[in-house]
Every structure is written in C-alpha cells, then in structure tokens.
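Engineer: Encoded as structure tokens, here's the structure I'll be asking about.
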Amino acid sequence: MSTVMTNAQGPTGTTRLSGRLRFLGLALAYGLLVVVCLWSLGAEGDLSLGRNPLANLAKTMTEFAHPSFLDIWFGEARLEYRSDDGTLLRVENRQQVEADYLAGLVRAAWTTIRIATLGSLLGALLALPLAVLTARNLAAPRALAWAAKAVLDVMRSIHTLVFGLVLVGIVGLGPTAGILAIGLHSMGTYGKLFAEAIESLDMAAIHAVQSVGASRTQVFFNAVWPSVLPQFVSSHLYIWEFNIRDSTILGIIGAGGLGLLISEATSLFQWGRLATVLLVVIVLVGSFDAISRRIRRALS
C-alpha cells in the first residue's frame with residue numbers, strides 16, 4: 001500500500017517542482033527586464049526628477065488641497081486684479097465665477113457618461129458575433145474563427161486615444177468621435193471575455209440541442225445565451241466602469257467631456273480646478289462601482 005501511494009505521489013511532486021521552477025524562471029526573467037529598463041533609462045539620462053522636485057511637489061499639493069469648488073462659499077465676492085503699477089485691471093466675483101464653472105463641469109460630466117455608455121454598448125454589440133466565432137467549443141469554420149480573432153486582437157491592441165485621434169479627423173470634434181473610439185477599442189476586450197465565457201460552458205446542453213437538429217442560431221439562443229448571460233452582464237459592467245474613466249481623457253483630443261476641462265486646467269496650471277474635476281471623476285467611478293455591485297449581486 002505504501003509503495004502504491006509513493007508511486008502515485010511521485011508524478012504529482014515532480015509536477016509541482018517543475019511548475020515552481022518554471023515560475024521561478026519567469027520571475028527571474030521579469031526581474032532581469034526591470035533591471036535592463038532601469039539601467040537603459042539611467043544610461044540615457046532619462047531618470048531625472050527635474051529641478052527642485054520637492055519644492056514643486058509641495059507647491060502643487062498645496063494648490064490641490066484647495067479644490068476650486070470651495071470658492072462658491074469661501075471665494076472673494078470682489079477680487080481685484082491690478083498691474084504692477086497698481087492700475088486696476090478688472091474685478092470679479094469668485095463665488096459667481098466658480099458657480100458658472102461648476103455648471104459647465106456638470107454638463108461635461110454628463111457628456112462623459114454618455115460617451116462611455118454608448119461606446120460600451122456599441123463595443124458589446126460589435127463583439128458578440130465575433131466572440132461566437134472565436135469560441136473554440138462552438139466549432140465555427142476555421143477561416144472565420146481566425147479572421148474574427150484577428151479583428152478582436154487588432155481592436156484590443158490599439159489604444160482608445162489613437163482611435164480618437166483618427167476619428168476626430170474623420171467625423172470631426174465632439175462626442176461622436178469619443179463614442180466610436182470607446183466602442184472600437186472595447187470591442188476587442190468584450191470579444192475576449194465573451195469568448196472565454198462561452199468556452200467555459202457545460203457542453204452537454206449544447207450537444208442536446210444540436211442532437212435534435214437545431215441550427216447554429218437556435219443553439220446559441222437556446223443553449224448558449226441563457227447560460228452565459230450573467231457573465232456577459234458582469235463583463236459589460238466592468239468594461240463600462242473602465243470606459244467611464246477612459247472617456248474622461250478623450251476630451252484632450254477634442255472628443256468632449258471632462259477631458260477638455262482637465263486639459264484646460266493642466267495647461268493653465270490651475271491645480272485647484274483640476275482637483276475639482278478629479279473629485280468629480282472619483283465620484284462618478286465610485287457611484288458606478290456601487291451600482292454595478294448591486295446588479296451583480298442581483299444576478300448571482
């Protein structure tokens with residue numbers, strides 16, 4: 001009995017040792033890559049922190065600590081701007097100015113939500129048929145499967161900003177370019193997640209439907225769709241949340257939304273206003289995360 005147990009445990013122990021050695025080899029390769037990256041950047045002189053980094057950091061953090069929206073309550077009602085010789089140039093009410101800015105910020109946040117929502121939906125709809133073709137357990141024709149996989153890989157490898165830059169030149173400035181950029185990039189991620197969800201299915205139900213002569217469409221909607229719908233919804237919520245963050249920077253290239261305000265604040269070194277915009281982004285993402293958790297809980 002002990003001999004049998006020893007023989008049975010031998011391959012398992014060897015497999016574990018082999019797995020640990022492979023992991024160690026990958027970890028060493030990763031460590032070597034990190035060392036090479038640091039060494040090459042240092043040799044090229046690109047690891048400099050600039051002049052007076054601590055003073056610059058302290059100044060920036062001081063301004064970040066006073067988000068501009070606080071001026072609605074604490075701003076000066078009569079702020080005077082004068083030239084070097086004391087000449088009065090203009091007078092402004094900081095409370096009113098910041099109230100107007102926040103109104104524009106709300107409109108920009110709504111634009112960002114619309115870009116992320118419609119772009120995510122577009123990406124999911126485009127990805128679904130391609131995911132069905134690439135799922136190996138559905139045995140689609142090999143030529144179609146490879147073509148679909150190539151399209152998804154290309155879409156996933158091109159950054160949203162690159163799509164945005166190209167689409168702004170095609171459809172012009174505005175949210176449409178942002179929606180299309182989000183949709184095209186997200187299509188690759190959706191397709192990969194959807195295909196993996198389909199491949200994790202129990203094939204017994206699929207074979208049962210196929211055995212009665214059902215077409216591919218009937219197999220999908222009667223055996224595949226009901227089983228993968230919860231995973232599809234979970235994947236959609238995750239990518240939707242990610243796209244809310246991603247769409248905040250599309251305004252930098254003219255696609256509208258919060259990115260335009262971020263670009264303006266950084267260009268003018270208005271760190272207080274940038275802090276206000278970033279707080280809005282954090283609230284958006286945190287709120288959506290709470291909502292998506294509730295939806296996932298309801299589906300489980």
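Ordering of the structure tokens sets the chain letters (A, B, ...); residue numbers start at 1 within each chain; ligands are numbered from 1 in the order shown.
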From range 81-164 of chain A, collect each residue whose DSSP state is alpha helix (DSSP H) and return the set as a PyMOL selection string.
Structural biologist: chain A and resi 94-134+142-157+160-164
Engineer: Show me, as a tab-separated table, the residues of range 53-123 of chain A having an atom within 12 Å of range 288-298 of chain A, each with the closest atom pair and its distance in Å, using only C-alpha atoms.
Structural biologist:
```
residue	atom	partner	partner_atom	distance
A:Ile113	CA	A:Phe288	CA	10.3
A:Ala116	CA	A:Phe288	CA	11.7
A:Thr117	CA	A:Phe288	CA	11.4
```
Engineer: Which is closest to Glu241 in chain A among A:Thr112, A:Arg216, A:Ala143, A:Leu173, if we use only C-alpha atoms?
Structural biologist: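 Among the listed residues, A:Thr112 lies closest to Glu241 in chain A.
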Engineer: Could you please write out, as JSON, numbers by chain, every residue of range 19-146 of chain A that DSSP assigns to strand (DSSP E or B)?
Structural biologist: {"A": [79, 80, 81, 82, 88, 89, 90, 91, 92]}
Engineer: Keeping only C-alpha atoms, write those residues as a PDB file, in the first residue's frame.
Structural biologist:
```
ATOM      1  CA  LEU A  79     -11.442  90.069  -6.210  1.00  0.00           C
ATOM      2  CA  GLU A  80      -9.332  92.827  -7.765  1.00  0.00           C
ATOM      3  CA  TYR A  81      -6.641  92.229 -10.361  1.00  0.00           C
ATOM      4  CA  ARG A  82      -4.060  95.013 -10.654  1.00  0.00           C
ATOM      5  CA  LEU A  88      -6.996  98.236 -11.558  1.00  0.00           C
ATOM      6  CA  LEU A  89      -7.424  95.829 -14.450  1.00  0.00           C
ATOM      7  CA  ARG A  90     -10.657  94.024 -13.552  1.00  0.00           C
ATOM      8  CA  VAL A  91     -12.831  92.909 -10.677  1.00  0.00           C
ATOM      9  CA  GLU A  92     -14.562  89.547 -10.439  1.00  0.00           C
TER      10      GLU A  92
END
```
Engineer: State, in Å with one decimal place, the distance from CA of Gly178 in chain A to CA of Leu229 in chain A.
Structural biologist: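 CA of Leu229 in chain A lies at a distance of 27.2 Å from CA of Gly178 in chain A.
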Engineer: Which of these, A:Ala223, A:Leu130, A:Leu118, A:Leu70, has the shortest distance to Ile206 in chain A once you count only C-alpha atoms?
Structural biologist: A:Ala223
Engineer: Restricting the calculation to only C-alpha atoms: of A:Phe221, A:Leu278, A:Ser48, A:Arg22, which residue gets closest to Thr266 in chain A?
Structural biologist: A:Leu278
Engineer: Fewer than 6 positions away in the same chain doesn't count, so skip those; otherwise give me all residues within 12 Å of Asn137 in chain A, counting only C-alpha atoms, as a VMD selection string.
Structural biologist: chain A and resid 131 145 195 to 204 206 to 207 220 224
Engineer: Taking all heavy atoms for each residue, export the selection above as a compact mmCIF listing (two decimals), in the first residue's frame.
Structural biologist:
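Result saved to again_37.txt:
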```
# COMPACT_ATOMS: atom_id res chain seq x y z
N ALA A 131 -17.23 37.02 -30.95
CA ALA A 131 -16.94 36.11 -29.84
C ALA A 131 -17.51 34.72 -30.10
O ALA A 131 -16.88 33.71 -29.77
CB ALA A 131 -17.51 36.68 -28.54
N ALA A 145 -13.15 31.81 -37.79
CA ALA A 145 -12.66 31.93 -36.41
C ALA A 145 -11.36 32.72 -36.36
O ALA A 145 -11.18 33.61 -35.52
CB ALA A 145 -12.47 30.55 -35.80
N ALA A 195 -15.92 35.35 -25.40
CA ALA A 195 -15.49 34.04 -25.91
C ALA A 195 -15.07 33.12 -24.77
O ALA A 195 -15.39 31.92 -24.77
CB ALA A 195 -14.34 34.24 -26.89
N GLU A 196 -14.36 33.67 -23.78
CA GLU A 196 -13.96 32.85 -22.63
C GLU A 196 -15.17 32.38 -21.84
O GLU A 196 -15.18 31.26 -21.32
CB GLU A 196 -13.01 33.65 -21.74
CG GLU A 196 -11.64 33.87 -22.37
CD GLU A 196 -10.74 34.73 -21.50
OE1 GLU A 196 -11.24 35.27 -20.49
OE2 GLU A 196 -9.55 34.86 -21.83
N ALA A 197 -16.20 33.22 -21.73
CA ALA A 197 -17.41 32.80 -21.03
C ALA A 197 -18.10 31.66 -21.78
O ALA A 197 -18.59 30.71 -21.16
CB ALA A 197 -18.36 33.99 -20.89
N ILE A 198 -18.13 31.75 -23.10
CA ILE A 198 -18.75 30.68 -23.89
C ILE A 198 -17.96 29.39 -23.78
O ILE A 198 -18.53 28.29 -23.66
CB ILE A 198 -18.87 31.13 -25.36
CG1 ILE A 198 -19.85 32.31 -25.49
CG2 ILE A 198 -19.34 29.98 -26.25
CD1 ILE A 198 -19.89 32.93 -26.87
N GLU A 199 -16.63 29.50 -23.78
CA GLU A 199 -15.79 28.30 -23.71
C GLU A 199 -15.87 27.61 -22.36
O GLU A 199 -15.50 26.42 -22.26
CB GLU A 199 -14.34 28.68 -24.02
CG GLU A 199 -14.10 29.06 -25.47
CD GLU A 199 -12.71 29.59 -25.74
OE1 GLU A 199 -11.97 29.82 -24.75
OE2 GLU A 199 -12.36 29.79 -26.92
N SER A 200 -16.33 28.31 -21.34
CA SER A 200 -16.45 27.68 -20.01
C SER A 200 -17.78 26.96 -19.82
O SER A 200 -18.04 26.45 -18.73
CB SER A 200 -16.29 28.76 -18.92
OG SER A 200 -17.36 29.68 -18.96
N LEU A 201 -18.61 26.91 -20.85
CA LEU A 201 -19.93 26.29 -20.73
C LEU A 201 -19.84 24.77 -20.61
O LEU A 201 -18.89 24.14 -21.09
CB LEU A 201 -20.78 26.62 -21.96
CG LEU A 201 -21.29 28.05 -22.11
CD1 LEU A 201 -22.00 28.21 -23.45
CD2 LEU A 201 -22.23 28.39 -20.98
N ASP A 202 -20.87 24.20 -20.00
CA ASP A 202 -21.06 22.75 -20.00
C ASP A 202 -21.60 22.35 -21.37
O ASP A 202 -22.69 22.77 -21.75
CB ASP A 202 -22.03 22.35 -18.89
CG ASP A 202 -22.25 20.84 -18.83
OD1 ASP A 202 -21.54 20.11 -19.56
OD2 ASP A 202 -23.13 20.40 -18.07
N MET A 203 -20.86 21.57 -22.10
CA MET A 203 -21.22 21.25 -23.48
C MET A 203 -22.40 20.28 -23.58
O MET A 203 -22.95 20.08 -24.67
CB MET A 203 -20.02 20.66 -24.20
CG MET A 203 -18.88 21.64 -24.41
SD MET A 203 -19.41 23.08 -25.40
CE MET A 203 -19.77 22.30 -26.97
N ALA A 204 -22.82 19.70 -22.46
CA ALA A 204 -23.92 18.73 -22.53
C ALA A 204 -25.20 19.39 -23.05
O ALA A 204 -25.91 18.82 -23.90
CB ALA A 204 -24.16 18.11 -21.16
N ILE A 206 -25.44 22.03 -24.93
CA ILE A 206 -25.26 22.39 -26.33
C ILE A 206 -25.43 21.16 -27.21
O ILE A 206 -26.13 21.20 -28.25
CB ILE A 206 -23.87 23.02 -26.55
CG1 ILE A 206 -23.78 24.34 -25.78
CG2 ILE A 206 -23.60 23.25 -28.04
CD1 ILE A 206 -22.43 25.01 -25.86
N HIS A 207 -24.84 20.02 -26.82
CA HIS A 207 -24.97 18.80 -27.60
C HIS A 207 -26.41 18.33 -27.64
O HIS A 207 -26.88 17.78 -28.66
CB HIS A 207 -24.08 17.70 -27.02
CG HIS A 207 -22.61 17.98 -27.18
ND1 HIS A 207 -22.08 18.60 -28.29
CD2 HIS A 207 -21.56 17.74 -26.34
CE1 HIS A 207 -20.78 18.71 -28.16
NE2 HIS A 207 -20.43 18.21 -26.97
N PHE A 220 -27.37 28.79 -30.24
CA PHE A 220 -26.87 29.93 -29.47
C PHE A 220 -27.94 30.47 -28.53
O PHE A 220 -27.70 30.66 -27.34
CB PHE A 220 -26.39 31.04 -30.41
CG PHE A 220 -25.92 32.27 -29.69
CD1 PHE A 220 -24.68 32.30 -29.07
CD2 PHE A 220 -26.73 33.38 -29.60
CE1 PHE A 220 -24.25 33.43 -28.39
CE2 PHE A 220 -26.31 34.52 -28.92
CZ PHE A 220 -25.06 34.54 -28.32
N VAL A 224 -26.70 28.43 -25.41
CA VAL A 224 -25.55 29.25 -25.02
C VAL A 224 -25.98 30.51 -24.28
O VAL A 224 -25.53 30.78 -23.16
CB VAL A 224 -24.72 29.61 -26.27
CG1 VAL A 224 -23.57 30.54 -25.90
CG2 VAL A 224 -24.18 28.35 -26.94
```
Engineer: Nearest to Ser227 in chain A among A:Trp39, A:Trp240, A:Tyr30, A:Phe194, with distances taken over only C-alpha atoms: which residue is it?
Structural biologist: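 Using only C-alpha atoms, the shortest distance to Ser227 in chain A belongs to A:Phe194.
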Engineer: Give me the residues within 9 Å of Ala99 in chain A as a ChimeraX atom specification, counting only C-alpha atoms and dropping any in the same chain fewer than 6 places off.
Structural biologist: /A:69,71-72
Engineer: Show me, as a ChimeraX atom specification, the residues that have an atom within 8 Å of Thr176 in chain A when counting only C-alpha atoms, minus same-chain residues fewer than 5 positions from it.
Structural biologist: /A:115,171,255
Engineer: Could you write out that same residue set with N, CA, C and O atoms as a tab-separated table (two decimals), in the first residue's frame?
Structural biologist:
```
chain	number	residue	atom	x	y	z
A	115	ILE	N	-20.78	59.33	-23.49
A	115	ILE	CA	-19.74	58.72	-24.34
A	115	ILE	C	-19.42	57.31	-23.87
A	115	ILE	O	-19.36	56.36	-24.67
A	171	VAL	N	-14.72	62.25	-38.37
A	171	VAL	CA	-16.09	62.71	-38.08
A	171	VAL	C	-16.12	64.09	-37.43
A	171	VAL	O	-17.19	64.64	-37.19
A	255	ALA	N	-12.79	65.25	-28.12
A	255	ALA	CA	-13.97	64.41	-28.15
A	255	ALA	C	-15.02	64.83	-27.12
A	255	ALA	O	-16.03	64.17	-26.97
```
